[in-house]
Amino acid sequence: MNNIYLPDLKNIEIKNYSLYQKDIYHTFIHGVNLIIGGNGVGKTTFINLIRYGLIGLYKKDLDVRTYRGEKRLGRLQYSMDYFRNRMLDEYEKNKEAEVTLTFKINTATFKVTRGLYDIVLKRVEVLEDNGCFTVLKGELLRQDRYERLTEDEKVNYLQNIYEQEVSTRANINDFNDLIFFVNQVLFFDEDRKTIVWEPIVQERLSSKYFNDPSLDEQFQEAKRQAKYHDSISRHKSEDMRAIGKIIKRIEGGPDDTEIAALNEINLLKEKLQKAATKLNELQIERKKLENKISVFTNERVDLNRQVKEIENIIKDEEAKIYHEVWGTLNPHYNVFKKNITHLHSCPMCNQSLDENITSPHHSNDNECFLCHQDIRVEQEEPGHLKQHKEKLNYLLLLVQSSEKEIFNLEGVLKNFDGEYNKYKNEVFKLQSKLRDLDFKLYSNEDKSKESLAYTAMMAELEQLEKEKQDNSDLSEIYNQKANNIIKQIENNLSNITKELSALFADFAGDFLGLDCKLTFDNLIKQDVKMYIPIINRKPRLDPLELSESQRFFSDQSFRMSLLSYFYTGASFFVCETPDSSLDLSYEANAAEIFLKYLYKPNALIVTSNLNNSEFIDSIIDKSKDISFLNLLDFGRMSQIQRNSTILLETSRRIEEKINAKEKFRKNI
């Protein structure tokens, strides 16, 4: 097994991201990094910004699929609007939003800057331990467009150059290994996916990280080839069924004219399939646009409702003020004044007035326009009325923003509709032509089975049968090759099991208070050997055989065992809201297993919702080094949170406790 080097986080800087009220700069320490805050203030987004800074916006690494008989490899991505959808529409610097993550791998420190409005890698700096500094050079391209390129086309782009550099420093086969390890091992996030009971993940760990990488390359290629040839075999079966239907319909003897018609039918079907596929793709895009328009339309309706409510409130408030301030003033005072000064007409008889009468005699609105005596006027507008008007202005800006988005999206939809209608017409014409050819070809009752068309189709059917069998045989050969390689890998793992089991026993035993170990067997899946937790002398083959907290912390114990086993330098582990599934009796134990992971200089990143659990207090009390980031200071709290005395007092108490501990440590 080769040494691998995992990322060691140094700091993160989040700029111009309007999810937060101000920019964030946070330094990670080797110890506990506590991220605190309430619901909805951006804790999960902060964690995902770390992930994005490292690997990009990827859910899953490379996988193979077949499209029209063509083998393609691709990564599964999150939505390109993932961060953009969390921005405030009215913020003018949204397009400048970016995250910069600094981390070290082996002897190189990377400073990586990525955009948050457009998902693109913008800049990469590399600093060597010997002081050598480099800025990686390459073309910039949005991640989703980059993923559409072939491997040869990716060569000159910054994302490719960065991924190659990181892979070399980490001593891994390629960047997809890091995507896998980050998503599957280093982050235990709020979706609570466990890997200790997952055969696919364990198979990848065993072949990729516990063994000679060349063996894994052979294994992965064998699996891809097996999947590819199996897919081709299935496509041949579909082609055979289609031709079989045509042969059954030919009851007489097709002549040369029929052969030409059959060839034209096949050609038309191919064109029809391409047009139908494009039509379907456009329909999907149209649906997405229509959904977005619907969202903004509903938002506009709701905002207009709020605007109307606020306007009514302002109207009522101003009516009260005028009633109090103007006293005995004629209720039609403003109407009379307008008639005289603006319309130049008498408010009594509506006849035109002389200019001497209509010209203003004074500019002071506090005087009566007729007798020029003082009118008592409120000089300062009440604060609550100002707040209503400010909210009204804000809502009007949001309405304007929604209308702008709707206008833009409707423009895009109009363009889509033009292309959609073009392909819709093409599909209709092709279908009509196919129906005509079908009728001409198959309405003739006088057909001969000895015709060249029939013979040609039978020959094609025979050829397809041969190709189907050949690909099925190749799939079986490659599957067997993959099985042989995995057996070799599993044999090599027998020496590792003892050491990994001891680490797991140490972590999981502290939490559960029971005898814990790992066995390497195929009890869960017959064709895959994997590490299986044995708790209290019983193999747990299903996660539901344990309570929620037991299975989560058993899984985290397995992850930390892996990280301890692979340790060649400092790294990190992220766990979101670990106390959410714990009862009081297990909170101190949970803190213990996390602190055990910090026996070596690692970074533990833990988020908390500021509830009343004792877990946070336990981890603060027992940790040697601890830092915190309070997202209540940066996130946009709800009115409920701003009014929550308990939430704010808990936040302040935790800050004071950590600061006091840090001050005490420095004075020792």
# chains A, B, ... in the order shown; residues from 1 in each chain; ligands from 1

call {"tool": "residues_around", "arguments": {"residues": "Pro578 (chain A)", "least_positions_apart": "5", "cutoff": "9 Å", "atoms": "only C-alpha atoms", "output": "PyMOL selection string"}}
result
chain A and resi 549+552-553+590+606-608+615

call {"tool": "write_last_selection", "arguments": {"atoms": "N, CA and C atoms", "output": "mmCIF file, in the first residue's frame"}}
result
data_model
loop_
_atom_site.group_PDB
_atom_site.id
_atom_site.type_symbol
_atom_site.label_atom_id
_atom_site.label_comp_id
_atom_site.auth_asym_id
_atom_site.auth_seq_id
_atom_site.Cartn_x
_atom_site.Cartn_y
_atom_site.Cartn_z
ATOM 1 N N SER A 549 -28.249 6.551 17.328
ATOM 2 C CA SER A 549 -26.963 7.094 17.791
ATOM 3 C C SER A 549 -25.864 6.039 17.731
ATOM 4 N N PHE A 552 -24.755 5.688 14.037
ATOM 5 C CA PHE A 552 -24.039 6.860 13.551
ATOM 6 C C PHE A 552 -22.627 6.913 14.119
ATOM 7 N N PHE A 553 -22.495 6.662 15.411
ATOM 8 C CA PHE A 553 -21.166 6.761 16.009
ATOM 9 C C PHE A 553 -20.323 5.521 15.736
ATOM 10 N N ALA A 590 -19.556 10.464 23.382
ATOM 11 C CA ALA A 590 -19.364 10.947 22.018
ATOM 12 C C ALA A 590 -18.209 11.938 21.963
ATOM 13 N N VAL A 606 -16.831 20.478 13.862
ATOM 14 C CA VAL A 606 -18.123 20.050 14.395
ATOM 15 C C VAL A 606 -19.082 21.232 14.364
ATOM 16 N N THR A 607 -20.315 20.998 13.889
ATOM 17 C CA THR A 607 -21.330 22.047 13.923
ATOM 18 C C THR A 607 -22.336 21.751 15.031
ATOM 19 N N SER A 608 -22.949 22.805 15.554
ATOM 20 C CA SER A 608 -23.949 22.647 16.615
ATOM 21 C C SER A 608 -25.051 23.668 16.434
ATOM 22 N N PHE A 615 -23.306 17.883 25.116
ATOM 23 C CA PHE A 615 -22.214 17.443 24.251
ATOM 24 C C PHE A 615 -21.193 18.557 24.038
#

call {"tool": "closest_residue", "arguments": {"among": "A:Phe407, A:Leu493, A:Lys111, A:Asn602", "to": "Asp521 (chain A)", "atoms": "only C-alpha atoms"}}
result
A:Leu493

call {"tool": "residues_around", "arguments": {"residues": "Leu116 (chain A)", "least_positions_apart": "5", "cutoff": "9 Å", "atoms": "only C-alpha atoms", "output": "list of chain:residue names"}}
result
A:Tyr17, A:Asp81, A:Tyr82, A:Phe83, A:Arg84, A:Asn94, A:Lys95, A:Glu96, A:Ala97, A:Glu98, A:Val99

call {"tool": "write_last_selection", "arguments": {"atoms": "N, CA and C atoms", "output": "short mmCIF file (atom, residue, chain, number, x, y, z; two decimals), in the first residue's frame"}}
result
data_model
loop_
_atom_site.label_atom_id
_atom_site.label_comp_id
_atom_site.auth_asym_id
_atom_site.auth_seq_id
_atom_site.Cartn_x
_atom_site.Cartn_y
_atom_site.Cartn_z
N TYR A 17 -20.53 37.11 -0.32
CA TYR A 17 -21.59 36.10 -0.41
C TYR A 17 -22.74 36.56 0.46
N ASP A 81 -26.73 26.11 -9.53
CA ASP A 81 -27.32 27.24 -8.79
C ASP A 81 -27.26 27.02 -7.28
N TYR A 82 -26.49 26.01 -6.84
CA TYR A 82 -26.49 25.63 -5.42
C TYR A 82 -26.19 26.83 -4.53
N PHE A 83 -25.12 27.56 -4.80
CA PHE A 83 -24.76 28.71 -3.98
C PHE A 83 -25.53 29.97 -4.41
N ARG A 84 -25.80 30.10 -5.71
CA ARG A 84 -26.48 31.29 -6.22
C ARG A 84 -27.88 31.41 -5.63
N ASN A 94 -23.25 40.17 -6.13
CA ASN A 94 -23.43 38.72 -6.17
C ASN A 94 -22.44 38.04 -7.12
N LYS A 95 -22.20 38.66 -8.26
CA LYS A 95 -21.31 38.04 -9.25
C LYS A 95 -19.85 38.01 -8.78
N GLU A 96 -19.54 38.79 -7.75
CA GLU A 96 -18.18 38.81 -7.22
C GLU A 96 -17.99 37.84 -6.05
N ALA A 97 -19.05 37.14 -5.67
CA ALA A 97 -18.97 36.23 -4.52
C ALA A 97 -17.97 35.10 -4.82
N GLU A 98 -17.13 34.79 -3.84
CA GLU A 98 -16.14 33.73 -4.03
C GLU A 98 -15.69 33.17 -2.68
N VAL A 99 -15.12 31.97 -2.73
CA VAL A 99 -14.55 31.36 -1.54
C VAL A 99 -13.09 31.02 -1.84
#

call {"tool": "residues_around", "arguments": {"residues": "Asp473 (chain A)", "least_positions_apart": "4", "cutoff": "10 Å", "atoms": "only C-alpha atoms", "output": "count of residues only"}}
result
10

call {"tool": "closest_residue", "arguments": {"among": "A:Asn280, A:Asn522, A:Thr568, A:Gln488", "to": "Lys600 (chain A)", "atoms": "only C-alpha atoms"}}
result
A:Thr568

call {"tool": "residues_around", "arguments": {"residues": "Ile646 (chain A)", "least_positions_apart": "5", "cutoff": "10 Å", "atoms": "only C-alpha atoms", "output": "PDB file with all heavy atoms, in the first residue's frame"}}
result
ATOM      1  N   LEU A 610     -26.826  24.927  18.870  1.00  0.00           N
ATOM      2  CA  LEU A 610     -27.033  25.672  20.118  1.00  0.00           C
ATOM      3  C   LEU A 610     -28.281  25.210  20.861  1.00  0.00           C
ATOM      4  O   LEU A 610     -29.146  26.005  21.245  1.00  0.00           O
ATOM      5  CB  LEU A 610     -27.121  27.182  19.846  1.00  0.00           C
ATOM      6  CG  LEU A 610     -25.831  27.855  19.352  1.00  0.00           C
ATOM      7  CD1 LEU A 610     -26.084  29.297  18.984  1.00  0.00           C
ATOM      8  CD2 LEU A 610     -24.737  27.768  20.402  1.00  0.00           C
ATOM      9  N   ASN A 611     -28.365  23.884  21.037  1.00  0.00           N
ATOM     10  CA  ASN A 611     -29.468  23.374  21.851  1.00  0.00           C
ATOM     11  C   ASN A 611     -28.969  23.186  23.284  1.00  0.00           C
ATOM     12  O   ASN A 611     -27.875  23.603  23.638  1.00  0.00           O
ATOM     13  CB  ASN A 611     -30.005  22.058  21.268  1.00  0.00           C
ATOM     14  CG  ASN A 611     -28.888  21.060  20.997  1.00  0.00           C
ATOM     15  OD1 ASN A 611     -27.911  21.009  21.736  1.00  0.00           O
ATOM     16  ND2 ASN A 611     -29.020  20.293  19.934  1.00  0.00           N
ATOM     17  N   ASN A 612     -29.752  22.530  24.096  1.00  0.00           N
ATOM     18  CA  ASN A 612     -29.408  22.403  25.514  1.00  0.00           C
ATOM     19  C   ASN A 612     -28.629  21.134  25.838  1.00  0.00           C
ATOM     20  O   ASN A 612     -28.554  20.720  26.983  1.00  0.00           O
ATOM     21  CB  ASN A 612     -30.688  22.438  26.363  1.00  0.00           C
ATOM     22  CG  ASN A 612     -31.321  23.824  26.361  1.00  0.00           C
ATOM     23  OD1 ASN A 612     -30.607  24.819  26.365  1.00  0.00           O
ATOM     24  ND2 ASN A 612     -32.637  23.872  26.314  1.00  0.00           N
ATOM     25  N   GLN A 641     -35.369  33.967  16.035  1.00  0.00           N
ATOM     26  CA  GLN A 641     -34.038  33.794  16.628  1.00  0.00           C
ATOM     27  C   GLN A 641     -33.561  35.072  17.304  1.00  0.00           C
ATOM     28  O   GLN A 641     -32.974  35.035  18.388  1.00  0.00           O
ATOM     29  CB  GLN A 641     -33.048  33.349  15.551  1.00  0.00           C
ATOM     30  CG  GLN A 641     -33.273  31.917  15.073  1.00  0.00           C
ATOM     31  CD  GLN A 641     -32.457  31.579  13.842  1.00  0.00           C
ATOM     32  OE1 GLN A 641     -32.206  32.425  13.002  1.00  0.00           O
ATOM     33  NE2 GLN A 641     -32.039  30.326  13.735  1.00  0.00           N
ATOM     34  N   SER A 651     -25.376  31.092  23.072  1.00  0.00           N
ATOM     35  CA  SER A 651     -24.269  31.477  22.192  1.00  0.00           C
ATOM     36  C   SER A 651     -23.209  32.258  22.954  1.00  0.00           C
ATOM     37  O   SER A 651     -22.010  31.971  22.849  1.00  0.00           O
ATOM     38  CB  SER A 651     -24.819  32.318  21.034  1.00  0.00           C
ATOM     39  OG  SER A 651     -23.774  32.929  20.322  1.00  0.00           O
ATOM     40  N   ARG A 652     -23.655  33.229  23.746  1.00  0.00           N
ATOM     41  CA  ARG A 652     -22.718  34.058  24.501  1.00  0.00           C
ATOM     42  C   ARG A 652     -21.978  33.229  25.555  1.00  0.00           C
ATOM     43  O   ARG A 652     -20.762  33.383  25.756  1.00  0.00           O
ATOM     44  CB  ARG A 652     -23.474  35.210  25.162  1.00  0.00           C
ATOM     45  CG  ARG A 652     -22.575  36.206  25.883  1.00  0.00           C
ATOM     46  CD  ARG A 652     -23.314  37.494  26.230  1.00  0.00           C
ATOM     47  NE  ARG A 652     -24.547  37.244  26.967  1.00  0.00           N
ATOM     48  CZ  ARG A 652     -25.761  37.405  26.431  1.00  0.00           C
ATOM     49  NH1 ARG A 652     -25.893  37.784  25.180  1.00  0.00           N
ATOM     50  NH2 ARG A 652     -26.843  37.164  27.159  1.00  0.00           N
TER      51      ARG A 652
END

call {"tool": "closest_residue", "arguments": {"among": "A:Glu217, A:Arg86, A:Glu317, A:Lys429", "to": "Leu385 (chain A)", "atoms": "only C-alpha atoms"}}
result
A:Glu317

call {"tool": "atom_distance", "arguments": {"atom1": "CA of His26 (chain A)", "atom2": "CA of Arg51 (chain A)"}}
result
14.9 Å

call {"tool": "residues_around", "arguments": {"residues": "Asn106 (chain A)", "least_positions_apart": "3", "cutoff": "7 Å", "atoms": "only C-alpha atoms", "output": "VMD selection string"}}
result
chain A and resid 5 169 to 170

call {"tool": "residues_around", "arguments": {"residues": "Ile534 (chain A)", "least_positions_apart": "2", "cutoff": "8 Å", "atoms": "only C-alpha atoms", "output": "PyMOL selection string"}}
result
chain A and resi 516-519+532+536-540

call {"tool": "write_last_selection", "arguments": {"atoms": "N, CA and C atoms", "output": "short mmCIF file (atom, residue, chain, number, x, y, z; two decimals), in the first residue's frame"}}
result
data_model
loop_
_atom_site.label_atom_id
_atom_site.label_comp_id
_atom_site.auth_asym_id
_atom_site.auth_seq_id
_atom_site.Cartn_x
_atom_site.Cartn_y
_atom_site.Cartn_z
N CYS A 516 -16.18 -4.17 21.04
CA CYS A 516 -16.36 -3.87 19.62
C CYS A 516 -15.13 -4.31 18.83
N LYS A 517 -15.36 -4.78 17.62
CA LYS A 517 -14.27 -5.12 16.72
C LYS A 517 -14.81 -5.22 15.30
N LEU A 518 -13.91 -5.46 14.35
CA LEU A 518 -14.30 -5.64 12.95
C LEU A 518 -13.91 -7.02 12.48
N THR A 519 -14.74 -7.58 11.62
CA THR A 519 -14.37 -8.81 10.93
C THR A 519 -14.43 -8.54 9.44
N ILE A 532 -17.10 -5.72 8.73
CA ILE A 532 -18.41 -5.77 9.37
C ILE A 532 -18.22 -5.55 10.87
N ASN A 536 -20.69 -6.24 20.90
CA ASN A 536 -21.11 -7.14 21.98
C ASN A 536 -21.17 -8.59 21.49
N ARG A 537 -20.13 -8.96 20.71
CA ARG A 537 -19.91 -10.31 20.19
C ARG A 537 -20.92 -10.74 19.12
N LYS A 538 -21.71 -9.80 18.60
CA LYS A 538 -22.68 -10.13 17.56
C LYS A 538 -22.40 -9.32 16.30
N PRO A 539 -22.24 -9.99 15.14
CA PRO A 539 -22.05 -9.24 13.89
C PRO A 539 -23.32 -8.47 13.54
N ARG A 540 -23.16 -7.18 13.28
CA ARG A 540 -24.31 -6.33 12.95
C ARG A 540 -24.34 -6.16 11.42
#

call {"tool": "closest_residue", "arguments": {"among": "A:Glu390, A:Glu128, A:Glu576, A:Asp89", "to": "Glu311 (chain A)", "atoms": "only C-alpha atoms"}}
result
A:Glu390

call {"tool": "atom_distance", "arguments": {"atom1": "CA of Ser501 (chain A)", "atom2": "CA of Tyr531 (chain A)"}}
result
8.8 Å
